[in-house]
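J.: What follows is the file target_29.cif, containing mmCIF, N, CA and C atoms; chains and numbers go by the auth columns:
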data_my_file
loop_
_atom_site.group_PDB
_atom_site.id
_atom_site.type_symbol
_atom_site.label_atom_id
_atom_site.label_comp_id
_atom_site.label_asym_id
_atom_site.label_seq_id
_atom_site.Cartn_x
_atom_site.Cartn_y
_atom_site.Cartn_z
_atom_site.B_iso_or_equiv
_atom_site.auth_seq_id
_atom_site.auth_asym_id
ATOM 1 N N MET A 1 -0.714 8.976 -30.124 0.00 29 W
ATOM 2 C CA MET A 1 -0.675 9.640 -28.828 0.00 29 W
ATOM 3 C C MET A 1 0.708 9.414 -28.207 0.00 29 W
ATOM 4 N N ARG A 2 1.325 10.473 -27.787 0.00 30 W
ATOM 5 C CA ARG A 2 2.675 10.390 -27.242 0.00 30 W
ATOM 6 C C ARG A 2 2.730 9.619 -25.932 0.00 30 W
ATOM 7 N N ALA A 3 1.700 9.749 -25.102 0.00 31 W
ATOM 8 C CA ALA A 3 1.693 9.043 -23.816 0.00 31 W
ATOM 9 C C ALA A 3 1.689 7.527 -24.036 0.00 31 W
ATOM 10 N N VAL A 4 0.927 7.066 -25.004 0.00 32 W
ATOM 11 C CA VAL A 4 0.867 5.633 -25.295 0.00 32 W
ATOM 12 C C VAL A 4 2.236 5.144 -25.754 0.00 32 W
ATOM 13 N N ASN A 5 2.879 5.901 -26.640 0.00 33 W
ATOM 14 C CA ASN A 5 4.209 5.509 -27.120 0.00 33 W
ATOM 15 C C ASN A 5 5.220 5.513 -25.987 0.00 33 W
ATOM 16 N N ALA A 6 5.200 6.544 -25.167 0.00 34 W
ATOM 17 C CA ALA A 6 6.142 6.643 -24.053 0.00 34 W
ATOM 18 C C ALA A 6 5.936 5.492 -23.077 0.00 34 W
ATOM 19 N N TYR A 7 4.684 5.187 -22.765 0.00 35 W
ATOM 20 C CA TYR A 7 4.389 4.091 -21.835 0.00 35 W
ATOM 21 C C TYR A 7 4.839 2.762 -22.427 0.00 35 W
ATOM 22 N N GLY A 8 4.619 2.587 -23.700 0.00 36 W
ATOM 23 C CA GLY A 8 5.036 1.369 -24.377 0.00 36 W
ATOM 24 C C GLY A 8 6.543 1.186 -24.388 0.00 36 W
ATOM 25 N N MET A 9 7.284 2.286 -24.315 0.00 37 W
ATOM 26 C CA MET A 9 8.747 2.233 -24.311 0.00 37 W
ATOM 27 C C MET A 9 9.308 2.139 -22.904 0.00 37 W
ATOM 28 N N GLY A 10 8.426 2.048 -21.880 0.00 38 W
ATOM 29 C CA GLY A 10 8.883 1.817 -20.523 0.00 38 W
ATOM 30 C C GLY A 10 8.720 2.971 -19.563 0.00 38 W
ATOM 31 N N ALA A 11 8.250 4.131 -20.033 0.00 39 W
ATOM 32 C CA ALA A 11 8.033 5.256 -19.126 0.00 39 W
ATOM 33 C C ALA A 11 6.890 4.919 -18.172 0.00 39 W
ATOM 34 N N SER A 12 6.989 5.413 -16.949 0.00 40 W
ATOM 35 C CA SER A 12 5.917 5.186 -15.988 0.00 40 W
ATOM 36 C C SER A 12 4.833 6.251 -16.167 0.00 40 W
ATOM 37 N N ILE A 13 3.688 5.992 -15.578 0.00 41 W
ATOM 38 C CA ILE A 13 2.619 6.987 -15.615 0.00 41 W
ATOM 39 C C ILE A 13 3.104 8.265 -14.940 0.00 41 W
ATOM 40 N N ARG A 14 3.857 8.139 -13.860 0.00 42 W
ATOM 41 C CA ARG A 14 4.392 9.323 -13.175 0.00 42 W
ATOM 42 C C ARG A 14 5.397 10.080 -14.036 0.00 42 W
ATOM 43 N N ASP A 15 6.195 9.370 -14.825 0.00 43 W
ATOM 44 C CA ASP A 15 7.106 10.041 -15.761 0.00 43 W
ATOM 45 C C ASP A 15 6.315 10.877 -16.757 0.00 43 W
ATOM 46 N N ILE A 16 5.291 10.262 -17.329 0.00 44 W
ATOM 47 C CA ILE A 16 4.453 10.946 -18.318 0.00 44 W
ATOM 48 C C ILE A 16 3.745 12.126 -17.668 0.00 44 W
ATOM 49 N N ASN A 17 3.244 11.907 -16.468 0.00 45 W
ATOM 50 C CA ASN A 17 2.575 12.955 -15.711 0.00 45 W
ATOM 51 C C ASN A 17 3.502 14.153 -15.511 0.00 45 W
ATOM 52 N N GLY A 18 4.753 13.901 -15.161 0.00 46 W
ATOM 53 C CA GLY A 18 5.699 14.982 -14.929 0.00 46 W
ATOM 54 C C GLY A 18 6.035 15.773 -16.180 0.00 46 W
ATOM 55 N N HIS A 19 6.102 15.096 -17.316 0.00 47 W
ATOM 56 C CA HIS A 19 6.463 15.765 -18.565 0.00 47 W
ATOM 57 C C HIS A 19 5.292 16.492 -19.204 0.00 47 W
ATOM 58 N N THR A 20 4.085 16.015 -18.973 0.00 48 W
ATOM 59 C CA THR A 20 2.927 16.630 -19.626 0.00 48 W
ATOM 60 C C THR A 20 2.204 17.643 -18.751 0.00 48 W
ATOM 61 N N GLY A 21 2.393 17.537 -17.428 0.00 49 W
ATOM 62 C CA GLY A 21 1.671 18.429 -16.529 0.00 49 W
ATOM 63 C C GLY A 21 0.248 17.966 -16.244 0.00 49 W
ATOM 64 N N ARG A 22 -0.140 16.831 -16.823 0.00 50 W
ATOM 65 C CA ARG A 22 -1.476 16.280 -16.553 0.00 50 W
ATOM 66 C C ARG A 22 -1.414 15.468 -15.271 0.00 50 W
ATOM 67 N N SER A 23 -2.533 15.323 -14.609 0.00 51 W
ATOM 68 C CA SER A 23 -2.565 14.567 -13.357 0.00 51 W
ATOM 69 C C SER A 23 -2.331 13.079 -13.633 0.00 51 W
ATOM 70 N N PHE A 24 -1.909 12.371 -12.594 0.00 52 W
ATOM 71 C CA PHE A 24 -1.692 10.930 -12.683 0.00 52 W
ATOM 72 C C PHE A 24 -2.967 10.250 -13.187 0.00 52 W
ATOM 73 N N GLY A 25 -4.097 10.613 -12.602 0.00 53 W
ATOM 74 C CA GLY A 25 -5.374 10.007 -12.974 0.00 53 W
ATOM 75 C C GLY A 25 -5.755 10.278 -14.416 0.00 53 W
ATOM 76 N N ALA A 26 -5.468 11.479 -14.902 0.00 54 W
ATOM 77 C CA ALA A 26 -5.790 11.820 -16.289 0.00 54 W
ATOM 78 C C ALA A 26 -4.929 11.019 -17.261 0.00 54 W
ATOM 79 N N VAL A 27 -3.652 10.874 -16.933 0.00 55 W
ATOM 80 C CA VAL A 27 -2.762 10.082 -17.787 0.00 55 W
ATOM 81 C C VAL A 27 -3.204 8.628 -17.783 0.00 55 W
ATOM 82 N N ARG A 28 -3.488 8.097 -16.608 0.00 56 W
ATOM 83 C CA ARG A 28 -3.913 6.702 -16.479 0.00 56 W
ATOM 84 C C ARG A 28 -5.198 6.455 -17.270 0.00 56 W
ATOM 85 N N LEU A 29 -6.153 7.361 -17.126 0.00 57 W
ATOM 86 C CA LEU A 29 -7.430 7.214 -17.828 0.00 57 W
ATOM 87 C C LEU A 29 -7.241 7.287 -19.341 0.00 57 W
ATOM 88 N N SER A 30 -6.379 8.183 -19.804 0.00 58 W
ATOM 89 C CA SER A 30 -6.163 8.282 -21.247 0.00 58 W
ATOM 90 C C SER A 30 -5.514 7.013 -21.794 0.00 58 W
ATOM 91 N N LEU A 31 -4.601 6.406 -21.020 0.00 59 W
ATOM 92 C CA LEU A 31 -3.999 5.145 -21.450 0.00 59 W
ATOM 93 C C LEU A 31 -5.052 4.042 -21.505 0.00 59 W
ATOM 94 N N LEU A 32 -5.891 3.972 -20.503 0.00 60 W
ATOM 95 C CA LEU A 32 -6.949 2.957 -20.489 0.00 60 W
ATOM 96 C C LEU A 32 -7.911 3.138 -21.654 0.00 60 W
ATOM 97 N N LYS A 33 -8.289 4.379 -21.934 0.00 61 W
ATOM 98 C CA LYS A 33 -9.207 4.654 -23.047 0.00 61 W
ATOM 99 C C LYS A 33 -8.585 4.290 -24.391 0.00 61 W
ATOM 100 N N ALA A 34 -7.244 4.362 -24.456 0.00 62 W
ATOM 101 C CA ALA A 34 -6.541 4.003 -25.687 0.00 62 W
ATOM 102 C C ALA A 34 -6.357 2.497 -25.817 0.00 62 W
ATOM 103 N N GLY A 35 -6.798 1.742 -24.808 0.00 63 W
ATOM 104 C CA GLY A 35 -6.715 0.290 -24.867 0.00 63 W
ATOM 105 C C GLY A 35 -5.390 -0.279 -24.403 0.00 63 W
ATOM 106 N N VAL A 36 -4.599 0.525 -23.704 0.00 64 W
ATOM 107 C CA VAL A 36 -3.300 0.066 -23.226 0.00 64 W
ATOM 108 C C VAL A 36 -3.492 -0.811 -22.001 0.00 64 W
ATOM 109 N N ARG A 37 -2.802 -1.948 -21.979 0.00 65 W
ATOM 110 C CA ARG A 37 -2.821 -2.818 -20.801 0.00 65 W
ATOM 111 C C ARG A 37 -1.754 -2.303 -19.846 0.00 65 W
ATOM 112 N N LEU A 38 -2.179 -1.849 -18.686 0.00 66 W
ATOM 113 C CA LEU A 38 -1.246 -1.246 -17.743 0.00 66 W
ATOM 114 C C LEU A 38 -0.404 -2.308 -17.047 0.00 66 W
ATOM 115 N N ARG A 39 0.854 -1.943 -16.786 0.00 67 W
ATOM 116 C CA ARG A 39 1.755 -2.826 -16.056 0.00 67 W
ATOM 117 C C ARG A 39 1.369 -2.830 -14.588 0.00 67 W
ATOM 118 N N GLY A 40 1.762 -3.890 -13.889 0.00 68 W
ATOM 119 C CA GLY A 40 1.549 -3.953 -12.457 0.00 68 W
ATOM 120 C C GLY A 40 2.469 -2.987 -11.736 0.00 68 W
ATOM 121 N N ARG A 41 2.257 -2.823 -10.484 0.00 69 W
ATOM 122 C CA ARG A 41 3.112 -1.939 -9.697 0.00 69 W
ATOM 123 C C ARG A 41 4.535 -2.478 -9.703 0.00 69 W
ATOM 124 N N GLY A 42 5.487 -1.593 -9.757 0.00 70 W
ATOM 125 C CA GLY A 42 6.876 -1.991 -9.797 0.00 70 W
ATOM 126 C C GLY A 42 7.524 -1.654 -11.122 0.00 70 W
ATOM 127 N N GLY A 43 6.738 -1.325 -12.133 0.00 71 W
ATOM 128 C CA GLY A 43 7.268 -0.843 -13.396 0.00 71 W
ATOM 129 C C GLY A 43 7.793 -1.913 -14.321 0.00 71 W
ATOM 130 N N ALA A 44 8.402 -1.432 -15.370 0.00 72 W
ATOM 131 C CA ALA A 44 8.937 -2.323 -16.400 0.00 72 W
ATOM 132 C C ALA A 44 10.208 -2.986 -15.902 0.00 72 W
ATOM 133 N N ARG A 45 10.411 -4.204 -16.324 0.00 73 W
ATOM 134 C CA ARG A 45 11.639 -4.920 -15.978 0.00 73 W
ATOM 135 C C ARG A 45 12.451 -5.038 -17.237 0.00 73 W
ATOM 136 N N ASN A 46 13.569 -4.372 -17.258 0.00 74 W
ATOM 137 C CA ASN A 46 14.451 -4.432 -18.420 0.00 74 W
ATOM 138 C C ASN A 46 15.607 -5.364 -18.106 0.00 74 W
ATOM 139 N N GLY A 47 15.788 -6.368 -18.923 0.00 75 W
ATOM 140 C CA GLY A 47 16.882 -7.305 -18.723 0.00 75 W
ATOM 141 C C GLY A 47 16.514 -8.397 -17.739 0.00 75 W
ATOM 142 N N ALA A 48 17.458 -9.262 -17.521 0.00 76 W
ATOM 143 C CA ALA A 48 17.231 -10.386 -16.612 0.00 76 W
ATOM 144 C C ALA A 48 17.381 -9.962 -15.173 0.00 76 W
ATOM 145 N N ARG A 49 16.698 -10.642 -14.307 0.00 77 W
ATOM 146 C CA ARG A 49 16.834 -10.375 -12.879 0.00 77 W
ATOM 147 C C ARG A 49 18.154 -10.946 -12.393 0.00 77 W
ATOM 148 N N PRO A 50 18.795 -10.279 -11.446 0.00 78 W
ATOM 149 C CA PRO A 50 20.054 -10.830 -10.932 0.00 78 W
ATOM 150 C C PRO A 50 19.811 -12.146 -10.197 0.00 78 W
ATOM 151 N N PRO A 51 20.786 -13.049 -10.229 0.00 79 W
ATOM 152 C CA PRO A 51 20.597 -14.328 -9.544 0.00 79 W
ATOM 153 C C PRO A 51 20.474 -14.141 -8.039 0.00 79 W
ATOM 154 N N VAL A 52 19.657 -14.974 -7.444 0.00 80 W
ATOM 155 C CA VAL A 52 19.459 -14.916 -6.001 0.00 80 W
ATOM 156 C C VAL A 52 20.501 -15.808 -5.336 0.00 80 W
ATOM 157 N N ALA A 53 21.210 -15.264 -4.365 0.00 81 W
ATOM 158 C CA ALA A 53 22.281 -16.027 -3.698 0.00 81 W
ATOM 159 C C ALA A 53 21.726 -16.957 -2.655 0.00 81 W
#
Rewrite the structure of this file - the entire thing - as structure tokens.
T.:
Amino acid sequence: MRAVNAYGMGASIRDINGHTGRSFGAVRLSLLKAGVRLRGRGGARNGARPPVA
């Protein structure tokens, strides 16, 4: 499933929703049915966080 692969590579549900034309809820439900563990709000974190001053 392309949505599962895209989500696994860091795409958000809204990104997938925009490219497929499916609703946010439909994309989310399909990911859940596929056994994908959804990320928390705020999305994927790529790289280290900047140091706090």
J.: Write out as an MDAnalysis selection string which residues come within 9 Å of Tyr35 (chain W) when counting only C-alpha atoms, dropping same-chain ones fewer than 5 positions away.
T.: chainID W and resid 30 40:41 43:44 59 64 66
J.: Between CA of Ala34 (chain W) and atom N of Lys61 (chain W), what is the spacing in Å?
T.: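 CA of Ala34 (chain W) lies at a distance of 14.8 Å from atom N of Lys61 (chain W).
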J.: So how many Å separate atom C of Gly49 (chain W) and atom N of Gly63 (chain W), to one decimal?
T.: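 Separation of atom C of Gly49 (chain W) and atom N of Gly63 (chain W): 19.7 Å.
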J.: Fewer than 5 positions away in the same chain doesn't count, so skip those; otherwise give me all residues within 12 Å of Arg65 (chain W), counting only C-alpha atoms, as a PDB file with N, CA and C atoms, in the coordinates of the input.
T.:
ATOM      1  N   VAL W  32       0.927   7.066 -25.004  1.00  0.00           N
ATOM      2  CA  VAL W  32       0.867   5.633 -25.295  1.00  0.00           C
ATOM      3  C   VAL W  32       2.236   5.144 -25.754  1.00  0.00           C
ATOM      4  N   TYR W  35       4.684   5.187 -22.765  1.00  0.00           N
ATOM      5  CA  TYR W  35       4.389   4.091 -21.835  1.00  0.00           C
ATOM      6  C   TYR W  35       4.839   2.762 -22.427  1.00  0.00           C
ATOM      7  N   GLY W  36       4.619   2.587 -23.700  1.00  0.00           N
ATOM      8  CA  GLY W  36       5.036   1.369 -24.377  1.00  0.00           C
ATOM      9  C   GLY W  36       6.543   1.186 -24.388  1.00  0.00           C
ATOM     10  N   ARG W  56      -3.488   8.097 -16.608  1.00  0.00           N
ATOM     11  CA  ARG W  56      -3.913   6.702 -16.479  1.00  0.00           C
ATOM     12  C   ARG W  56      -5.198   6.455 -17.270  1.00  0.00           C
ATOM     13  N   LEU W  57      -6.153   7.361 -17.126  1.00  0.00           N
ATOM     14  CA  LEU W  57      -7.430   7.214 -17.828  1.00  0.00           C
ATOM     15  C   LEU W  57      -7.241   7.287 -19.341  1.00  0.00           C
ATOM     16  N   SER W  58      -6.379   8.183 -19.804  1.00  0.00           N
ATOM     17  CA  SER W  58      -6.163   8.282 -21.247  1.00  0.00           C
ATOM     18  C   SER W  58      -5.514   7.013 -21.794  1.00  0.00           C
ATOM     19  N   LEU W  59      -4.601   6.406 -21.020  1.00  0.00           N
ATOM     20  CA  LEU W  59      -3.999   5.145 -21.450  1.00  0.00           C
ATOM     21  C   LEU W  59      -5.052   4.042 -21.505  1.00  0.00           C
ATOM     22  N   LEU W  60      -5.891   3.972 -20.503  1.00  0.00           N
ATOM     23  CA  LEU W  60      -6.949   2.957 -20.489  1.00  0.00           C
ATOM     24  C   LEU W  60      -7.911   3.138 -21.654  1.00  0.00           C
TER      25      LEU W  60
END
J.: I'd like the contact shell of Arg42 (chain W) - 8 Å cut-off, only N, CA and C atoms, skipping same-chain residues fewer than 6 positions apart - returned as a list in words.
T.: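 With the cut-off at 8 Å, the set is Thr48, Ser51, Phe52, Val55 and Arg56 of chain W.
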J.: CA of Ala54 (chain W) and atom C of Met29 (chain W) are how many Å apart?
T.: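 Straight-line distance from CA of Ala54 (chain W) to atom C of Met29 (chain W) works out to 13.8 Å.
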